[in-house]
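What follows is a set of notes on a single structure, which appears directly below.
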Amino acid sequence: MIAVRRLRMLAVAVAVVLPLVLVACSSGPVRPAPFDGTVRVGFKTAAPGMSVQDPNGIFRGFEPRLVAKVLGDAGVNYSSVPLSAQTWQDALLDGNTNHNGVDVVVADISDTADREQKFDLAGPYLKTPLGALLPAAASTIKVQRQEDLSGLRVCTIARTTARALIDNEVKPKVSVDALVPDDCLKALDDGTADVFVSDYLVLRGMAVNVKVNGQTPYVMAEGRFGRVQTLVAALPPGHTSACQWLRGRLDAYVKSQAWVTELRSNFNFGADVTDDNLRQEFQPLISVSDNLCAK
């Protein structure tokens with residue numbers, strides 16, 4: 001766990017302003033704080049397809065593109081702050097309202113009952129089941145259902161819904177603990193783990209985007225399992241107006257063609273998968289009853 005003081009220093013030192021020249025005109029719509037100023041958006045740094053930080057400090061992937069469309073197209077200036085599964089909650093909660101390490105996090109965050117109590121959650125903007133990633137050379141390992149994990153060495157990331165599934169429902173041969181995705185990839189590489197369990201889309205992003213000597217070293221298992229995760233943007237508690245504003249923007253984006261285009265591009269879905277297929281599999285429905293902004 002990164003200490004609060006260190007996290008603040010990290011946010012200041014490495015926050016990268018995305019190259020967008022975006023100035024809201026005075027006659028434009030009124031935006032609630034913090035979207036009326038420069039917004040600090042937290043992203044994960046090493047989830048190919050979902051979000052990665054390149055050597056120049058720029059964040060790329062489905063989630064950075066989502067923020068560019070949802071915030072950038074609304075005239076909001078924002079900077080990007082690198083976070084992880086272990087640090088994003090502290091980044092939202094390390095200060096008073098509007099004085100936190102970040103203002104909003106878009107980083108593969110699943111809606112859970114515990115998080116609904118701690119944060120204002122806008123969205124969802126994706127839905128995804130859990131899946132399993134295997135070394136490409138492990139052709140004899142089959143994971144078609146959740147029960148198939150019980151005899152394997154399973155790697156998961158701490159403080160994730162996949163970890164909760166493994167701890168509470170699956171009895172693997174060995175549970176390999178990791179702090180970041182690279183730890184699980186290294187465990188697959190050195191044979192410490194047989195399988196990496198996480199959100200299906202996160203793993204697919206790795207399977208299609210990670211290359212070693214021009215080859216893809218990982219493959220997706222056939223099975224999809226666990227509770228379908230709905231991914232949301234998280235804000236500090238007490239930001240109901242901002243959350244409602246962001247929720248509306250996300251709703252419009254999810255229903256747009258741009259959402260499908262970015263999903264197809266970042267996760268390498270071919271022509272055999274239609275737009276309707278992608279919407280049925282990964283598009284969440286945003287309804288009044290699902291409003292997680294006001295507690």
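Within each chain, counting starts at residue 1; across the structure tokens, chains are named A, B, ... in the order shown, with ligands numbered 1 upward in that order.
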Taking the DSSP secondary structure from the backbone, can you list the residues of region 86-284 of chain A that are alpha helix (DSSP H), as a VMD selection string?
chain A and resid 88 to 93 113 to 118 161 to 168 181 to 190 200 to 209 240 to 254 257 to 266 275 to 282
With C-alpha atoms retained, could you export that selection as a PDB file, in the first residue's frame?
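Result saved to again_31.pdb:
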```pdb
ATOM      1  CA  TRP A  88      -6.886   3.935  -6.377  1.00  0.00           C
ATOM      2  CA  GLN A  89      -9.117   3.873  -3.288  1.00  0.00           C
ATOM      3  CA  ASP A  90      -6.591   5.796  -1.213  1.00  0.00           C
ATOM      4  CA  ALA A  91      -6.174   8.288  -4.049  1.00  0.00           C
ATOM      5  CA  LEU A  92      -9.895   9.105  -3.857  1.00  0.00           C
ATOM      6  CA  LEU A  93     -10.081   9.173  -0.069  1.00  0.00           C
ATOM      7  CA  ALA A 113     -21.720  -3.398  -2.451  1.00  0.00           C
ATOM      8  CA  ASP A 114     -18.689  -2.267  -0.446  1.00  0.00           C
ATOM      9  CA  ARG A 115     -17.653   0.288  -3.073  1.00  0.00           C
ATOM     10  CA  GLU A 116     -21.208   1.606  -3.324  1.00  0.00           C
ATOM     11  CA  GLN A 117     -20.938   2.561   0.339  1.00  0.00           C
ATOM     12  CA  LYS A 118     -17.515   4.202   0.002  1.00  0.00           C
ATOM     13  CA  THR A 161     -13.351  -9.353  -7.512  1.00  0.00           C
ATOM     14  CA  ALA A 162     -11.333 -12.186  -9.053  1.00  0.00           C
ATOM     15  CA  ARG A 163      -9.397 -12.557  -5.803  1.00  0.00           C
ATOM     16  CA  ALA A 164     -12.680 -12.649  -3.872  1.00  0.00           C
ATOM     17  CA  LEU A 165     -13.964 -15.412  -6.160  1.00  0.00           C
ATOM     18  CA  ILE A 166     -10.848 -17.507  -5.631  1.00  0.00           C
ATOM     19  CA  ASP A 167     -10.845 -16.946  -1.855  1.00  0.00           C
ATOM     20  CA  ASN A 168     -14.563 -17.580  -1.333  1.00  0.00           C
ATOM     21  CA  PRO A 181      -0.890  -7.747 -13.656  1.00  0.00           C
ATOM     22  CA  ASP A 182       2.784  -8.060 -14.583  1.00  0.00           C
ATOM     23  CA  ASP A 183       3.275 -10.216 -11.481  1.00  0.00           C
ATOM     24  CA  CYS A 184       0.744 -12.732 -12.781  1.00  0.00           C
ATOM     25  CA  LEU A 185       2.225 -12.655 -16.281  1.00  0.00           C
ATOM     26  CA  LYS A 186       5.656 -13.391 -14.790  1.00  0.00           C
ATOM     27  CA  ALA A 187       4.113 -16.243 -12.795  1.00  0.00           C
ATOM     28  CA  LEU A 188       2.746 -17.713 -16.041  1.00  0.00           C
ATOM     29  CA  ASP A 189       6.131 -17.241 -17.707  1.00  0.00           C
ATOM     30  CA  ASP A 190       8.169 -18.963 -14.996  1.00  0.00           C
ATOM     31  CA  TYR A 200     -12.356 -11.268 -19.270  1.00  0.00           C
ATOM     32  CA  LEU A 201     -11.787  -8.047 -21.206  1.00  0.00           C
ATOM     33  CA  VAL A 202      -8.663  -7.202 -19.216  1.00  0.00           C
ATOM     34  CA  LEU A 203      -7.199 -10.609 -20.020  1.00  0.00           C
ATOM     35  CA  ARG A 204      -8.258 -10.475 -23.658  1.00  0.00           C
ATOM     36  CA  GLY A 205      -6.460  -7.155 -23.942  1.00  0.00           C
ATOM     37  CA  MET A 206      -3.276  -8.858 -22.776  1.00  0.00           C
ATOM     38  CA  ALA A 207      -3.774 -11.893 -24.995  1.00  0.00           C
ATOM     39  CA  VAL A 208      -4.133  -9.839 -28.192  1.00  0.00           C
ATOM     40  CA  ASN A 209      -1.819  -6.907 -27.453  1.00  0.00           C
ATOM     41  CA  THR A 240     -23.506  13.626  -6.213  1.00  0.00           C
ATOM     42  CA  SER A 241     -23.881  16.472  -8.735  1.00  0.00           C
ATOM     43  CA  ALA A 242     -20.603  15.620 -10.448  1.00  0.00           C
ATOM     44  CA  CYS A 243     -21.488  11.933 -10.444  1.00  0.00           C
ATOM     45  CA  GLN A 244     -24.879  12.593 -12.045  1.00  0.00           C
ATOM     46  CA  TRP A 245     -23.274  14.775 -14.714  1.00  0.00           C
ATOM     47  CA  LEU A 246     -20.660  12.104 -15.485  1.00  0.00           C
ATOM     48  CA  ARG A 247     -23.298   9.382 -15.461  1.00  0.00           C
ATOM     49  CA  GLY A 248     -25.229  11.188 -18.194  1.00  0.00           C
ATOM     50  CA  ARG A 249     -22.125  11.622 -20.302  1.00  0.00           C
ATOM     51  CA  LEU A 250     -21.215   7.930 -19.925  1.00  0.00           C
ATOM     52  CA  ASP A 251     -24.743   6.847 -20.819  1.00  0.00           C
ATOM     53  CA  ALA A 252     -24.580   8.780 -24.092  1.00  0.00           C
ATOM     54  CA  TYR A 253     -21.133   7.399 -24.915  1.00  0.00           C
ATOM     55  CA  VAL A 254     -22.058   3.777 -24.231  1.00  0.00           C
ATOM     56  CA  GLN A 257     -20.958   4.017 -32.304  1.00  0.00           C
ATOM     57  CA  ALA A 258     -17.654   5.297 -30.896  1.00  0.00           C
ATOM     58  CA  TRP A 259     -18.043   2.963 -27.908  1.00  0.00           C
ATOM     59  CA  VAL A 260     -18.312  -0.068 -30.211  1.00  0.00           C
ATOM     60  CA  THR A 261     -15.460   1.138 -32.431  1.00  0.00           C
ATOM     61  CA  GLU A 262     -13.091   1.547 -29.481  1.00  0.00           C
ATOM     62  CA  LEU A 263     -14.094  -1.824 -28.017  1.00  0.00           C
ATOM     63  CA  ARG A 264     -13.425  -3.554 -31.334  1.00  0.00           C
ATOM     64  CA  SER A 265     -10.126  -1.757 -31.889  1.00  0.00           C
ATOM     65  CA  ASN A 266      -8.571  -2.075 -28.431  1.00  0.00           C
ATOM     66  CA  ASP A 275     -21.507  -4.800 -33.466  1.00  0.00           C
ATOM     67  CA  ASP A 276     -24.679  -6.421 -32.131  1.00  0.00           C
ATOM     68  CA  ASN A 277     -22.591  -9.266 -30.688  1.00  0.00           C
ATOM     69  CA  LEU A 278     -20.343  -6.778 -28.897  1.00  0.00           C
ATOM     70  CA  ARG A 279     -23.253  -4.801 -27.503  1.00  0.00           C
ATOM     71  CA  GLN A 280     -25.012  -7.926 -26.278  1.00  0.00           C
ATOM     72  CA  GLU A 281     -21.872  -9.235 -24.594  1.00  0.00           C
ATOM     73  CA  PHE A 282     -20.291  -6.087 -23.154  1.00  0.00           C
TER      74      PHE A 282
END
```
Give the strand (DSSP E or B) residues of region 47-120 of chain A, as assigned by DSSP on the backbone, as a PyMOL selection string.
chain A and resi 47+51-53+59-60+78-83+104-110+120
Gap from CA of Glu147 (chain A) to CA of Asp194 (chain A) - Å, one decimal:
14.6 Å
Quick one: everything within 10 Å of region 33-36 of chain A, counting only C-alpha atoms, minus sequence neighbours fewer than 3 positions away in the same chain. Send it as JSON, numbers by chain.
{"A": [24, 30, 39, 40, 71, 74, 75, 76, 77, 78, 97, 98, 99, 103, 104, 239, 241, 242, 243, 245, 246]}
Generate the output file for the selected residues, C-alpha atoms, as an mmCIF file, in the first residue's frame.
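Saved to again16.cif:
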```cif
data_model
loop_
_atom_site.group_PDB
_atom_site.id
_atom_site.type_symbol
_atom_site.label_atom_id
_atom_site.label_comp_id
_atom_site.auth_asym_id
_atom_site.auth_seq_id
_atom_site.Cartn_x
_atom_site.Cartn_y
_atom_site.Cartn_z
ATOM 1 C CA ALA A 24 -15.083 25.459 -22.350
ATOM 2 C CA VAL A 30 -22.584 24.655 -16.478
ATOM 3 C CA VAL A 39 -9.757 17.155 -13.441
ATOM 4 C CA ARG A 40 -7.232 14.591 -12.202
ATOM 5 C CA LEU A 71 -14.676 14.618 -20.694
ATOM 6 C CA ALA A 74 -17.446 18.241 -23.198
ATOM 7 C CA GLY A 75 -14.631 20.812 -22.974
ATOM 8 C CA VAL A 76 -13.158 19.492 -19.731
ATOM 9 C CA ASN A 77 -9.408 19.844 -19.179
ATOM 10 C CA TYR A 78 -7.879 16.877 -17.394
ATOM 11 C CA THR A 97 -13.808 16.871 -0.892
ATOM 12 C CA ASN A 98 -12.067 18.101 -4.064
ATOM 13 C CA HIS A 99 -8.645 17.864 -2.372
ATOM 14 C CA ASP A 103 -10.887 13.484 -8.673
ATOM 15 C CA VAL A 104 -12.169 10.470 -10.582
ATOM 16 C CA HIS A 239 -19.921 14.386 -5.244
ATOM 17 C CA SER A 241 -23.881 16.472 -8.735
ATOM 18 C CA ALA A 242 -20.603 15.620 -10.448
ATOM 19 C CA CYS A 243 -21.488 11.933 -10.444
ATOM 20 C CA TRP A 245 -23.274 14.775 -14.714
ATOM 21 C CA LEU A 246 -20.660 12.104 -15.485
#
```
With distances taken over only C-alpha atoms, which of A:Ala138, A:Ala46, A:Val180, A:Cys155 is nearest to Val210 (chain A)?
A:Ala46
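The residue that comes closest to Ser51 (chain A), out of A:Ala107, A:Val70, A:Leu130, A:Val81 and on the basis of only C-alpha atoms, is A:Ala107.
Taking CA of Thr38 (chain A) and CA of Asp108 (chain A) as the two end points, the separation is 22.2 Å.
Nearest to Phe269 (chain A) of all the residues A:Asp199, A:Leu133, A:Pro32, A:Gly49 is A:Gly49, counting only C-alpha atoms.
A straight line drawn from CA of Ala85 (chain A) to CA of Asn291 (chain A) is 23.7 Å long.
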